[in-house]
Amino acid sequence: MKAMRQNDRWRWLTAGAVAVCLLAFTLLIGLLAWQGMRAFWPQPVDQYLFQPPEGSAVMVLGETLHKQPQGEQWRYVVKTGNRDFSAPDFRVLYSQGAAKTRRPADAIVLQRRSGGNAYGWLIELREDNEVLTARDRDALLHQRLVQVHEQLRQASHIRRVQMARLNAQLESLQQQADEQRQRGTFTLQDQSEFDANSVALQRRFSALAQQLTHLQHESERDTLVLRDVQGQDHIIPLAQVVDAWYPNAMSFGQKLQHFFSQIWQFVSDSPTSGGGESGAFPAIFGTVLMVLLMSIIVMPLGVVAAVWLHEYAGRHTLTRLVRIAVVNLAGVPSIVYGVFGLGFFVWLIGGTIDQLFFSRALPNPTYGTPGLLWAALTLALLTLPVVIVATEEGLSRIPDNLRQGSLALGATQAETLWRVVLPLAVPAMLTGLILAVARAAGETAPLMLVGVVKMAPELPVDAVFPYLHLDRKFMHLGFQIYDLAFQSPNIDADRPLVYATALLLVVIILSLNLLAMALRHRLRERYRLMTH
(Lines give C-alpha, C1' and ligand atoms only; values in the text may rest on other atoms or scores of the structure.)
Protein backbone atom coordinates (compact mmCIF):
# COMPACT_ATOMS: atom_id res chain seq x y z
CA MET A 1 0.00 0.00 0.00
CA LYS A 2 2.88 2.36 0.80
CA ALA A 3 4.44 1.72 -2.62
CA MET A 4 1.13 2.36 -4.34
CA ARG A 5 0.72 5.65 -2.47
CA GLN A 6 4.25 6.67 -3.48
CA ASN A 7 3.53 5.75 -7.11
CA ASP A 8 0.34 7.81 -7.03
CA ARG A 9 2.28 10.70 -5.59
CA TRP A 10 4.86 10.58 -8.39
CA ARG A 11 2.11 10.15 -10.95
CA TRP A 12 0.37 13.30 -9.75
CA LEU A 13 3.66 15.21 -9.64
CA THR A 14 4.42 14.19 -13.21
CA ALA A 15 0.95 15.13 -14.40
CA GLY A 16 1.20 18.46 -12.61
CA ALA A 17 4.57 19.24 -14.22
CA VAL A 18 3.19 18.40 -17.66
CA ALA A 19 0.12 20.57 -17.03
CA VAL A 20 2.30 23.50 -15.92
CA CYS A 21 4.45 23.19 -19.06
CA LEU A 22 1.40 23.07 -21.32
CA LEU A 23 -0.15 26.04 -19.53
CA ALA A 24 3.06 28.06 -19.82
CA PHE A 25 3.33 27.27 -23.53
CA THR A 26 -0.32 28.15 -24.10
CA LEU A 27 0.11 31.44 -22.27
CA LEU A 28 3.21 32.22 -24.32
CA ILE A 29 1.39 31.61 -27.60
CA GLY A 30 -1.60 33.59 -26.36
CA LEU A 31 0.57 36.55 -25.35
CA LEU A 32 2.40 36.60 -28.67
CA ALA A 33 -0.84 36.27 -30.62
CA TRP A 34 -2.68 38.98 -28.65
CA GLN A 35 0.15 41.50 -28.73
CA GLY A 36 1.20 40.70 -32.29
CA MET A 37 -2.11 40.31 -34.10
CA ARG A 38 -3.51 43.59 -32.77
CA ALA A 39 -1.03 45.39 -35.04
CA PHE A 40 -2.97 44.14 -38.08
CA TRP A 41 -6.49 45.00 -36.87
CA PRO A 42 -7.76 48.39 -38.12
CA GLN A 43 -7.95 50.55 -35.01
CA PRO A 44 -10.39 53.51 -34.87
CA VAL A 45 -8.95 56.98 -35.46
CA ASP A 46 -9.88 59.63 -32.93
CA GLN A 47 -9.72 63.40 -33.31
CA TYR A 48 -8.84 65.09 -30.01
CA LEU A 49 -8.99 68.65 -28.79
CA PHE A 50 -6.68 68.81 -25.79
CA GLN A 51 -6.69 71.61 -23.27
CA PRO A 52 -3.31 71.25 -21.58
CA PRO A 53 -2.75 72.65 -18.08
CA GLU A 54 -0.56 75.34 -19.61
CA GLY A 55 -0.65 76.72 -23.13
CA SER A 56 -3.19 76.78 -25.92
CA ALA A 57 -5.43 73.98 -27.15
CA VAL A 58 -3.89 71.19 -29.22
CA MET A 59 -5.63 69.29 -32.03
CA VAL A 60 -4.49 65.67 -32.52
CA LEU A 61 -5.59 62.89 -34.88
CA GLY A 62 -4.54 59.29 -34.36
CA GLU A 63 -5.10 55.93 -32.70
CA THR A 64 -5.69 55.98 -28.95
CA LEU A 65 -3.41 53.51 -27.19
CA HIS A 66 -3.98 54.48 -23.59
CA LYS A 67 -5.89 57.01 -21.54
CA GLN A 68 -6.30 57.35 -17.80
CA PRO A 69 -7.25 60.04 -15.28
CA GLN A 70 -4.52 61.46 -13.06
CA GLY A 71 -6.27 63.62 -10.51
CA GLU A 72 -7.86 66.56 -12.32
CA GLN A 73 -5.86 65.83 -15.47
CA TRP A 74 -6.10 63.10 -18.10
CA ARG A 75 -3.10 61.38 -19.67
CA TYR A 76 -3.36 60.18 -23.28
CA VAL A 77 -0.98 58.12 -25.40
CA VAL A 78 -1.87 58.60 -29.07
CA LYS A 79 -0.29 57.16 -32.20
CA THR A 80 -0.31 60.18 -34.48
CA GLY A 81 1.87 58.83 -37.31
CA ASN A 82 2.95 61.34 -39.96
CA ARG A 83 6.54 60.75 -38.86
CA ASP A 84 8.20 62.56 -41.76
CA PHE A 85 6.26 65.84 -41.56
CA SER A 86 4.88 66.06 -38.03
CA ALA A 87 5.50 64.88 -34.48
CA PRO A 88 6.90 61.42 -33.69
CA ASP A 89 4.62 58.45 -34.19
CA PHE A 90 3.57 58.42 -30.55
CA ARG A 91 2.74 61.41 -28.39
CA VAL A 92 1.98 61.62 -24.67
CA LEU A 93 -0.46 64.46 -23.98
CA TYR A 94 -2.11 65.82 -20.83
CA SER A 95 -5.48 67.52 -20.74
CA GLN A 96 -7.21 69.58 -18.07
CA GLY A 97 -10.20 67.30 -17.77
CA ALA A 98 -11.32 64.81 -20.39
CA ALA A 99 -10.38 65.86 -23.91
CA LYS A 100 -13.05 66.51 -26.49
CA THR A 101 -13.07 63.67 -28.99
CA ARG A 102 -14.87 62.48 -32.08
CA ARG A 103 -14.33 59.84 -34.76
CA PRO A 104 -14.61 61.35 -38.24
CA ALA A 105 -15.86 58.80 -40.76
CA ASP A 106 -13.81 60.33 -43.58
CA ALA A 107 -10.45 60.08 -41.76
CA ILE A 108 -8.06 57.95 -43.82
CA VAL A 109 -5.03 55.87 -42.83
CA LEU A 110 -2.21 55.44 -45.34
CA GLN A 111 0.22 52.58 -44.87
CA ARG A 112 3.45 53.71 -46.50
CA ARG A 113 6.61 51.95 -47.60
CA SER A 114 8.68 54.23 -45.40
CA GLY A 115 7.87 56.78 -42.72
CA GLY A 116 5.14 54.77 -41.01
CA ASN A 117 1.40 55.41 -41.21
CA ALA A 118 -0.07 58.75 -42.24
CA TYR A 119 -3.37 60.03 -40.81
CA GLY A 120 -5.55 62.73 -42.25
CA TRP A 121 -8.18 63.46 -44.87
CA LEU A 122 -7.98 62.70 -48.58
CA ILE A 123 -8.37 65.98 -50.45
CA GLU A 124 -7.74 65.00 -54.06
CA LEU A 125 -5.97 62.64 -56.45
CA ARG A 126 -3.62 63.93 -59.10
CA GLU A 127 -2.02 62.62 -62.27
CA ASP A 128 0.88 64.78 -63.45
CA ASN A 129 -0.46 67.61 -61.24
CA GLU A 130 -3.89 67.37 -62.89
CA VAL A 131 -6.76 66.73 -60.49
CA LEU A 132 -8.67 63.49 -61.09
CA THR A 133 -12.41 63.60 -60.59
CA ALA A 134 -14.66 60.61 -59.98
CA ARG A 135 -18.05 59.88 -58.46
CA ASP A 136 -16.45 57.38 -56.03
CA ARG A 137 -13.08 58.78 -55.03
CA ASP A 138 -12.29 55.85 -52.74
CA ALA A 139 -12.80 53.36 -55.58
CA LEU A 140 -10.61 55.48 -57.83
CA LEU A 141 -7.89 55.56 -55.16
CA HIS A 142 -7.81 51.78 -54.84
CA GLN A 143 -7.94 51.34 -58.61
CA ARG A 144 -4.91 53.60 -58.99
CA LEU A 145 -3.13 51.81 -56.15
CA VAL A 146 -3.60 48.46 -57.89
CA GLN A 147 -2.27 49.95 -61.12
CA VAL A 148 0.79 51.45 -59.41
CA HIS A 149 1.50 48.22 -57.53
CA GLU A 150 1.43 46.27 -60.80
CA GLN A 151 3.87 48.71 -62.36
CA LEU A 152 6.19 48.37 -59.37
CA ARG A 153 5.93 44.58 -59.57
CA GLN A 154 6.86 44.63 -63.26
CA ALA A 155 9.77 46.96 -62.54
CA SER A 156 10.99 44.67 -59.76
CA HIS A 157 10.77 41.63 -62.06
CA ILE A 158 12.79 43.40 -64.75
CA ARG A 159 15.45 44.49 -62.28
CA ARG A 160 15.74 41.27 -60.28
CA VAL A 161 15.24 38.63 -62.98
CA GLN A 162 15.76 39.85 -66.53
CA MET A 163 18.54 42.37 -65.90
CA ALA A 164 20.20 40.02 -63.39
CA ARG A 165 20.31 37.28 -66.04
CA LEU A 166 21.88 39.62 -68.57
CA ASN A 167 24.48 40.73 -66.01
CA ALA A 168 25.33 37.08 -65.31
CA GLN A 169 25.68 36.36 -69.05
CA LEU A 170 27.95 39.39 -69.52
CA GLU A 171 30.13 38.32 -66.59
CA SER A 172 30.34 34.76 -67.91
CA LEU A 173 31.24 36.00 -71.38
CA GLN A 174 33.95 38.26 -70.00
CA GLN A 175 35.33 35.46 -67.82
CA GLN A 176 35.58 33.09 -70.79
CA ALA A 177 37.41 35.74 -72.80
CA ASP A 178 39.86 36.41 -69.94
CA GLU A 179 40.59 32.69 -69.56
CA GLN A 180 41.27 32.36 -73.31
CA ARG A 181 43.58 35.38 -73.18
CA GLN A 182 45.52 33.86 -70.29
CA ARG A 183 45.95 30.60 -72.25
CA GLY A 184 46.91 32.52 -75.39
CA THR A 185 44.10 30.98 -77.46
CA PHE A 186 42.05 34.13 -77.95
CA THR A 187 42.01 34.53 -81.75
CA LEU A 188 40.64 37.30 -83.92
CA GLN A 189 37.57 35.20 -84.61
CA ASP A 190 37.01 34.80 -80.86
CA GLN A 191 37.41 38.55 -80.47
CA SER A 192 34.79 39.26 -83.12
CA GLU A 193 32.37 36.76 -81.56
CA PHE A 194 32.97 38.27 -78.14
CA ASP A 195 32.32 41.79 -79.43
CA ALA A 196 29.15 40.72 -81.25
CA ASN A 197 27.76 38.87 -78.21
CA SER A 198 28.66 41.75 -75.89
CA VAL A 199 26.96 44.30 -78.13
CA ALA A 200 23.83 42.12 -78.37
CA LEU A 201 23.64 41.67 -74.60
CA GLN A 202 24.26 45.35 -73.95
CA ARG A 203 21.56 46.28 -76.46
CA ARG A 204 19.06 44.05 -74.66
CA PHE A 205 20.19 45.48 -71.33
CA SER A 206 19.66 49.04 -72.61
CA ALA A 207 16.17 48.14 -73.81
CA LEU A 208 15.32 46.72 -70.37
CA ALA A 209 16.77 49.82 -68.71
CA GLN A 210 14.55 52.04 -70.84
CA GLN A 211 11.52 49.89 -70.03
CA LEU A 212 12.41 50.06 -66.33
CA THR A 213 12.75 53.84 -66.47
CA HIS A 214 9.38 54.12 -68.19
CA LEU A 215 7.68 51.97 -65.54
CA GLN A 216 9.24 53.97 -62.73
CA HIS A 217 8.12 57.22 -64.36
CA GLU A 218 4.58 55.87 -64.81
CA SER A 219 4.42 54.75 -61.18
CA GLU A 220 5.45 58.23 -59.98
CA ARG A 221 2.80 60.13 -61.97
CA ASP A 222 -0.05 59.53 -59.52
CA THR A 223 -0.10 61.40 -56.21
CA LEU A 224 -2.62 62.20 -53.53
CA VAL A 225 -3.05 65.22 -51.32
CA LEU A 226 -3.44 64.44 -47.62
CA ARG A 227 -4.58 67.12 -45.21
CA ASP A 228 -3.44 66.63 -41.63
CA VAL A 229 -5.23 67.69 -38.47
CA GLN A 230 -3.44 71.05 -38.50
CA GLY A 231 -4.91 71.85 -41.92
CA GLN A 232 -1.65 71.48 -43.86
CA ASP A 233 -1.67 69.66 -47.20
CA HIS A 234 0.98 67.07 -48.06
CA ILE A 235 1.59 65.53 -51.47
CA ILE A 236 2.28 61.78 -51.22
CA PRO A 237 3.16 59.65 -54.30
CA LEU A 238 0.97 56.58 -54.67
CA ALA A 239 4.15 54.59 -55.26
CA GLN A 240 4.89 55.12 -51.56
CA VAL A 241 1.46 53.91 -50.42
CA VAL A 242 0.99 50.21 -49.64
CA ASP A 243 -2.65 50.38 -48.56
CA ALA A 244 -5.32 52.91 -47.59
CA TRP A 245 -8.46 52.49 -45.51
CA TYR A 246 -11.13 54.41 -43.59
CA PRO A 247 -11.18 52.65 -40.18
CA ASN A 248 -14.09 54.64 -38.71
CA ALA A 249 -16.36 53.76 -41.63
CA MET A 250 -15.51 50.05 -41.90
CA SER A 251 -17.95 47.31 -40.97
CA PHE A 252 -16.86 44.26 -38.98
CA GLY A 253 -16.64 42.16 -42.14
CA GLN A 254 -14.47 44.77 -43.83
CA LYS A 255 -12.23 44.95 -40.77
CA LEU A 256 -11.88 41.15 -40.75
CA GLN A 257 -10.98 41.13 -44.44
CA HIS A 258 -8.47 43.92 -43.84
CA PHE A 259 -7.01 41.98 -40.89
CA PHE A 260 -6.25 38.87 -42.96
CA SER A 261 -4.93 40.92 -45.87
CA GLN A 262 -2.52 42.70 -43.50
CA ILE A 263 -1.31 39.36 -42.11
CA TRP A 264 -0.74 38.05 -45.63
CA GLN A 265 1.11 41.20 -46.54
CA PHE A 266 3.32 40.86 -43.45
CA VAL A 267 4.15 37.25 -44.31
CA SER A 268 4.59 37.63 -48.08
CA ASP A 269 6.06 41.11 -48.64
CA SER A 270 9.66 42.17 -48.65
CA PRO A 271 10.99 45.65 -47.78
CA THR A 272 13.52 45.32 -50.61
CA SER A 273 10.92 44.43 -53.26
CA GLY A 274 8.51 47.27 -52.72
CA GLY A 275 6.61 46.03 -49.69
CA GLY A 276 6.11 47.84 -46.45
CA GLU A 277 8.68 48.37 -43.74
CA SER A 278 7.46 45.30 -41.88
CA GLY A 279 7.67 42.66 -44.65
CA ALA A 280 8.95 39.38 -43.18
CA PHE A 281 9.19 37.12 -46.24
CA PRO A 282 13.00 37.38 -46.68
CA ALA A 283 13.50 36.53 -43.00
CA ILE A 284 11.09 33.58 -43.24
CA PHE A 285 12.78 32.33 -46.40
CA GLY A 286 16.26 32.73 -44.94
CA THR A 287 15.33 30.97 -41.69
CA VAL A 288 13.76 27.95 -43.39
CA LEU A 289 16.51 27.65 -46.02
CA MET A 290 19.27 27.88 -43.41
CA VAL A 291 17.60 25.20 -41.24
CA LEU A 292 17.20 22.89 -44.23
CA LEU A 293 20.84 23.30 -45.26
CA MET A 294 21.94 22.79 -41.66
CA SER A 295 19.88 19.58 -41.47
CA ILE A 296 21.36 18.25 -44.71
CA ILE A 297 24.86 18.86 -43.34
CA VAL A 298 24.46 17.76 -39.72
CA MET A 299 22.47 14.56 -40.18
CA PRO A 300 25.07 12.54 -42.18
CA LEU A 301 27.90 13.76 -39.96
CA GLY A 302 26.03 13.03 -36.73
CA VAL A 303 24.80 9.61 -37.84
CA VAL A 304 28.23 8.52 -39.10
CA ALA A 305 29.87 9.66 -35.86
CA ALA A 306 27.26 7.86 -33.72
CA VAL A 307 27.55 4.65 -35.78
CA TRP A 308 31.34 4.68 -35.43
CA LEU A 309 31.14 5.24 -31.68
CA HIS A 310 28.57 2.54 -31.03
CA GLU A 311 29.17 -0.10 -33.70
CA TYR A 312 32.87 0.02 -34.55
CA ALA A 313 34.95 1.95 -32.01
CA GLY A 314 34.60 -0.43 -29.06
CA ARG A 315 35.16 0.49 -25.44
CA HIS A 316 38.57 2.07 -24.80
CA THR A 317 40.15 5.35 -23.82
CA LEU A 318 39.72 7.00 -27.23
CA THR A 319 35.97 6.47 -27.36
CA ARG A 320 35.59 7.72 -23.79
CA LEU A 321 37.52 10.87 -24.70
CA VAL A 322 35.38 11.36 -27.82
CA ARG A 323 32.16 11.02 -25.82
CA ILE A 324 33.42 13.48 -23.22
CA ALA A 325 34.31 15.92 -26.01
CA VAL A 326 30.83 15.55 -27.56
CA VAL A 327 29.14 16.23 -24.22
CA ASN A 328 31.37 19.25 -23.60
CA LEU A 329 30.67 20.64 -27.06
CA ALA A 330 26.95 20.62 -26.25
CA GLY A 331 27.62 23.06 -23.40
CA VAL A 332 29.77 25.57 -25.30
CA PRO A 333 28.05 29.00 -25.62
CA SER A 334 26.68 29.60 -29.08
CA ILE A 335 28.59 32.86 -29.58
CA VAL A 336 31.84 30.84 -29.35
CA TYR A 337 30.66 28.80 -32.33
CA GLY A 338 30.06 32.07 -34.15
CA VAL A 339 33.62 33.22 -33.49
CA PHE A 340 34.96 29.84 -34.62
CA GLY A 341 32.82 29.93 -37.77
CA LEU A 342 34.06 33.42 -38.60
CA GLY A 343 37.71 32.50 -38.13
CA PHE A 344 37.74 28.97 -39.57
CA PHE A 345 34.96 28.79 -42.14
CA VAL A 346 34.85 32.38 -43.39
CA TRP A 347 38.42 33.63 -43.18
CA LEU A 348 40.39 30.39 -43.57
CA ILE A 349 38.30 28.13 -45.82
CA GLY A 350 36.45 30.92 -47.62
CA GLY A 351 39.63 32.92 -48.16
CA THR A 352 41.38 29.85 -49.54
CA ILE A 353 38.51 29.15 -51.94
CA ASP A 354 38.67 32.74 -53.18
CA GLN A 355 42.41 32.49 -53.85
CA LEU A 356 42.04 29.19 -55.70
CA PHE A 357 38.85 29.69 -57.72
CA PHE A 358 37.84 33.36 -57.54
CA SER A 359 41.19 35.15 -57.72
CA ARG A 360 39.86 37.28 -60.57
CA ALA A 361 37.28 38.87 -58.24
CA LEU A 362 39.79 39.74 -55.50
CA PRO A 363 40.19 41.92 -53.48
CA ASN A 364 36.39 41.72 -53.33
CA PRO A 365 35.73 38.37 -51.60
CA THR A 366 33.25 35.82 -52.92
CA TYR A 367 33.30 33.10 -50.25
CA GLY A 368 35.75 34.82 -47.92
CA THR A 369 32.92 36.83 -46.39
CA PRO A 370 30.00 35.77 -44.15
CA GLY A 371 27.24 34.03 -46.06
CA LEU A 372 24.54 31.37 -46.05
CA LEU A 373 26.91 28.40 -46.42
CA TRP A 374 29.07 29.38 -43.47
CA ALA A 375 26.01 30.05 -41.30
CA ALA A 376 24.64 26.57 -42.08
CA LEU A 377 28.02 24.95 -41.33
CA THR A 378 28.37 26.85 -38.07
CA LEU A 379 24.92 25.80 -36.87
CA ALA A 380 25.59 22.23 -38.03
CA LEU A 381 28.66 22.18 -35.81
CA LEU A 382 26.63 23.68 -32.97
CA THR A 383 23.88 21.02 -33.20
CA LEU A 384 26.16 18.08 -34.02
CA PRO A 385 26.40 16.84 -30.38
CA VAL A 386 22.61 16.68 -30.13
CA VAL A 387 22.33 14.45 -33.21
CA ILE A 388 25.22 12.21 -32.10
CA VAL A 389 23.80 11.63 -28.62
CA ALA A 390 20.24 10.99 -29.85
CA THR A 391 21.38 8.61 -32.60
CA GLU A 392 23.71 6.66 -30.30
CA GLU A 393 20.93 6.36 -27.74
CA GLY A 394 18.69 4.90 -30.44
CA LEU A 395 21.37 2.45 -31.53
CA SER A 396 21.82 1.25 -27.95
CA ARG A 397 18.10 0.37 -27.71
CA ILE A 398 18.23 -2.05 -30.65
CA PRO A 399 18.40 -5.65 -29.32
CA ASP A 400 21.70 -7.43 -29.97
CA ASN A 401 19.88 -10.59 -31.06
CA LEU A 402 18.77 -8.78 -34.23
CA ARG A 403 22.39 -8.10 -35.13
CA GLN A 404 23.43 -11.65 -34.24
CA GLY A 405 20.54 -13.15 -36.21
CA SER A 406 21.45 -11.14 -39.29
CA LEU A 407 25.12 -12.18 -39.03
CA ALA A 408 24.08 -15.83 -38.49
CA LEU A 409 22.11 -15.74 -41.74
CA GLY A 410 25.26 -14.81 -43.64
CA ALA A 411 24.98 -11.02 -43.81
CA THR A 412 28.12 -8.97 -43.38
CA GLN A 413 28.45 -6.34 -40.67
CA ALA A 414 27.95 -3.59 -43.23
CA GLU A 415 24.80 -5.26 -44.59
CA THR A 416 23.49 -5.76 -41.06
CA LEU A 417 24.12 -2.12 -40.29
CA TRP A 418 22.48 -0.86 -43.50
CA ARG A 419 19.44 -3.17 -43.61
CA VAL A 420 18.68 -3.88 -39.95
CA VAL A 421 20.29 -1.44 -37.54
CA LEU A 422 19.93 1.90 -39.30
CA PRO A 423 16.24 1.48 -40.25
CA LEU A 424 15.41 0.75 -36.62
CA ALA A 425 17.43 3.77 -35.49
CA VAL A 426 15.71 6.22 -37.86
CA PRO A 427 13.17 7.40 -35.21
CA ALA A 428 16.06 8.25 -32.89
CA MET A 429 17.84 10.07 -35.72
CA LEU A 430 14.71 12.13 -36.35
CA THR A 431 14.50 12.88 -32.63
CA GLY A 432 18.01 14.32 -32.89
CA LEU A 433 16.93 16.28 -35.96
CA ILE A 434 13.93 17.71 -34.10
CA LEU A 435 16.14 18.90 -31.25
CA ALA A 436 18.70 20.29 -33.70
CA VAL A 437 16.07 22.23 -35.67
CA ALA A 438 14.53 23.62 -32.48
CA ARG A 439 17.90 24.95 -31.33
CA ALA A 440 19.25 26.14 -34.68
CA ALA A 441 16.13 28.01 -35.78
CA GLY A 442 16.17 30.17 -32.67
CA GLU A 443 19.89 30.99 -32.59
CA THR A 444 20.86 34.57 -33.24
CA ALA A 445 24.25 35.36 -31.68
CA PRO A 446 26.45 33.14 -33.93
CA LEU A 447 24.55 34.16 -37.06
CA MET A 448 25.44 37.81 -36.50
CA LEU A 449 29.06 36.85 -37.18
CA VAL A 450 28.69 34.41 -40.07
CA GLY A 451 26.08 35.69 -42.49
CA VAL A 452 22.86 37.26 -41.22
CA VAL A 453 22.16 40.93 -41.99
CA LYS A 454 19.42 43.41 -41.22
CA MET A 455 18.51 43.99 -44.88
CA ALA A 456 19.59 41.63 -47.67
CA PRO A 457 19.30 43.15 -51.16
CA GLU A 458 18.69 39.75 -52.77
CA LEU A 459 17.36 36.37 -51.70
CA PRO A 460 19.82 33.44 -51.71
CA VAL A 461 17.65 31.84 -54.42
CA ASP A 462 16.85 33.54 -57.71
CA ALA A 463 16.41 32.84 -61.44
CA VAL A 464 20.13 33.17 -62.28
CA PHE A 465 22.32 30.07 -62.52
CA PRO A 466 23.26 28.31 -60.21
CA TYR A 467 19.95 29.50 -58.67
CA LEU A 468 21.07 28.75 -55.08
CA HIS A 469 23.77 31.26 -54.09
CA LEU A 470 25.42 29.99 -50.92
CA ASP A 471 27.80 32.97 -50.78
CA ARG A 472 25.02 35.53 -50.24
CA LYS A 473 24.05 37.03 -46.93
CA PHE A 474 20.52 36.42 -45.71
CA MET A 475 17.88 37.59 -43.24
CA HIS A 476 16.70 35.65 -40.20
CA LEU A 477 13.64 35.93 -37.99
CA GLY A 478 15.65 35.74 -34.78
CA PHE A 479 17.89 38.60 -35.83
CA GLN A 480 14.85 40.58 -37.02
CA ILE A 481 13.32 40.24 -33.55
CA TYR A 482 16.57 41.47 -31.99
CA ASP A 483 16.79 44.37 -34.43
CA LEU A 484 13.18 45.46 -33.93
CA ALA A 485 13.41 45.19 -30.14
CA PHE A 486 16.79 46.82 -29.51
CA GLN A 487 18.00 48.63 -32.63
CA SER A 488 14.84 50.27 -33.96
CA PRO A 489 14.77 54.09 -33.82
CA ASN A 490 10.99 53.91 -33.32
CA ILE A 491 10.53 51.11 -30.81
CA ASP A 492 6.97 52.11 -29.85
CA ALA A 493 5.76 51.60 -33.40
CA ASP A 494 7.69 48.36 -33.88
CA ARG A 495 6.79 46.71 -30.56
CA PRO A 496 3.72 44.86 -31.96
CA LEU A 497 5.87 43.61 -34.84
CA VAL A 498 8.31 42.12 -32.30
CA TYR A 499 5.50 39.94 -30.93
CA ALA A 500 4.22 39.09 -34.43
CA THR A 501 7.69 38.07 -35.63
CA ALA A 502 8.28 36.01 -32.48
CA LEU A 503 4.95 34.24 -33.04
CA LEU A 504 5.93 33.59 -36.64
CA LEU A 505 9.25 32.05 -35.55
CA VAL A 506 7.51 29.79 -33.03
CA VAL A 507 5.00 28.68 -35.66
CA ILE A 508 7.78 27.84 -38.13
CA ILE A 509 9.70 25.82 -35.53
CA LEU A 510 6.52 23.99 -34.53
CA SER A 511 5.72 23.22 -38.17
CA LEU A 512 9.18 21.81 -38.86
CA ASN A 513 9.09 19.77 -35.65
CA LEU A 514 5.59 18.42 -36.34
CA LEU A 515 6.68 17.37 -39.82
CA ALA A 516 9.68 15.50 -38.40
CA MET A 517 7.54 13.95 -35.63
CA ALA A 518 4.97 12.71 -38.15
CA LEU A 519 7.73 11.13 -40.23
CA ARG A 520 9.26 9.59 -37.09
CA HIS A 521 5.92 8.10 -36.02
CA ARG A 522 5.35 6.61 -39.45
CA LEU A 523 8.79 4.99 -39.55
CA ARG A 524 8.47 3.77 -35.97
CA GLU A 525 5.21 1.99 -36.80
CA ARG A 526 6.77 0.47 -39.92
CA TYR A 527 9.73 -1.10 -38.08
CA ARG A 528 8.01 -1.89 -34.78
CA LEU A 529 7.38 -5.56 -35.69
CA MET A 530 11.09 -6.14 -36.28
CA THR A 531 11.85 -5.63 -32.58
CA HIS A 532 9.39 -8.29 -31.36
# chains A, B, ... in the order shown; residues from 1 in each chain; ligands from 1

$ residues_around --residues "Leu505 (chain A)" --least-positions-apart "3" --cutoff "8 Å" --atoms "only C-alpha atoms" --output "PyMOL selection string"
chain A and resi 441-442+477-478+501-502+508-509

$ select_by_dssp --residues "region 299-488 of chain A" --states "helix (DSSP H, G or I)" --output "ChimeraX atom specification"
/A:299-312,317-330,334-357,359-361,372-396,400-408,413-442,447-450,477-487

$ residues_around --residues "Val60 (chain A)" --least-positions-apart "6" --cutoff "12 Å" --atoms "only C-alpha atoms" --output "PyMOL selection string"
chain A and resi 45-51+76-82+86-87+89-95+99-103+119-120+228-231

$ closest_residue --among "A:Phe281, A:Phe85, A:Phe474, A:Phe358" --to "Leu373 (chain A)" --atoms "only C-alpha atoms"
A:Phe474

$ residues_around --residues "Gly368 (chain A)" --least-positions-apart "5" --cutoff "10 Å" --atoms "only C-alpha atoms" --output "PyMOL selection string"
chain A and resi 342+345-355+358+362+374+471

$ atom_distance --atom1 "CA of Thr223 (chain A)" --atom2 "CA of Leu125 (chain A)"
6.0 Å

$ atom_distance --atom1 "CA of His234 (chain A)" --atom2 "CA of Glu218 (chain A)"
20.5 Å

$ closest_residue --among "A:Leu321, A:Pro44, A:Arg159, A:Arg439" --to "Pro457 (chain A)" --atoms "only C-alpha atoms"
A:Arg159

$ closest_residue --among "A:Ala463, A:Val58, A:Leu122, A:Leu468" --to "Gln96 (chain A)" --atoms "only C-alpha atoms"
A:Val58

$ residues_around --residues "region 167-172 of chain A" --least-positions-apart "4" --cutoff "7 Å" --atoms "only C-alpha atoms" --output "list of chain:residue names"
A:Met163, A:Gln176, A:Ser198

$ closest_residue --among "A:Pro399, A:Gly62, A:Gly36, A:Pro363" --to "Val498 (chain A)" --atoms "only C-alpha atoms"
A:Gly36

$ residues_around --residues "Ile297 (chain A)" --least-positions-apart "6" --cutoff "10 Å" --atoms "only C-alpha atoms" --output "list in words"
Val291, Ala376, Leu377, Leu379, Ala380, Leu381 and Leu384 of chain A

$ residues_around --residues "Leu470 (chain A)" --least-positions-apart "6" --cutoff "7 Å" --atoms "only C-alpha atoms" --output "list of chain:residue names"
A:Gly371, A:Leu372, A:Leu373, A:Pro460
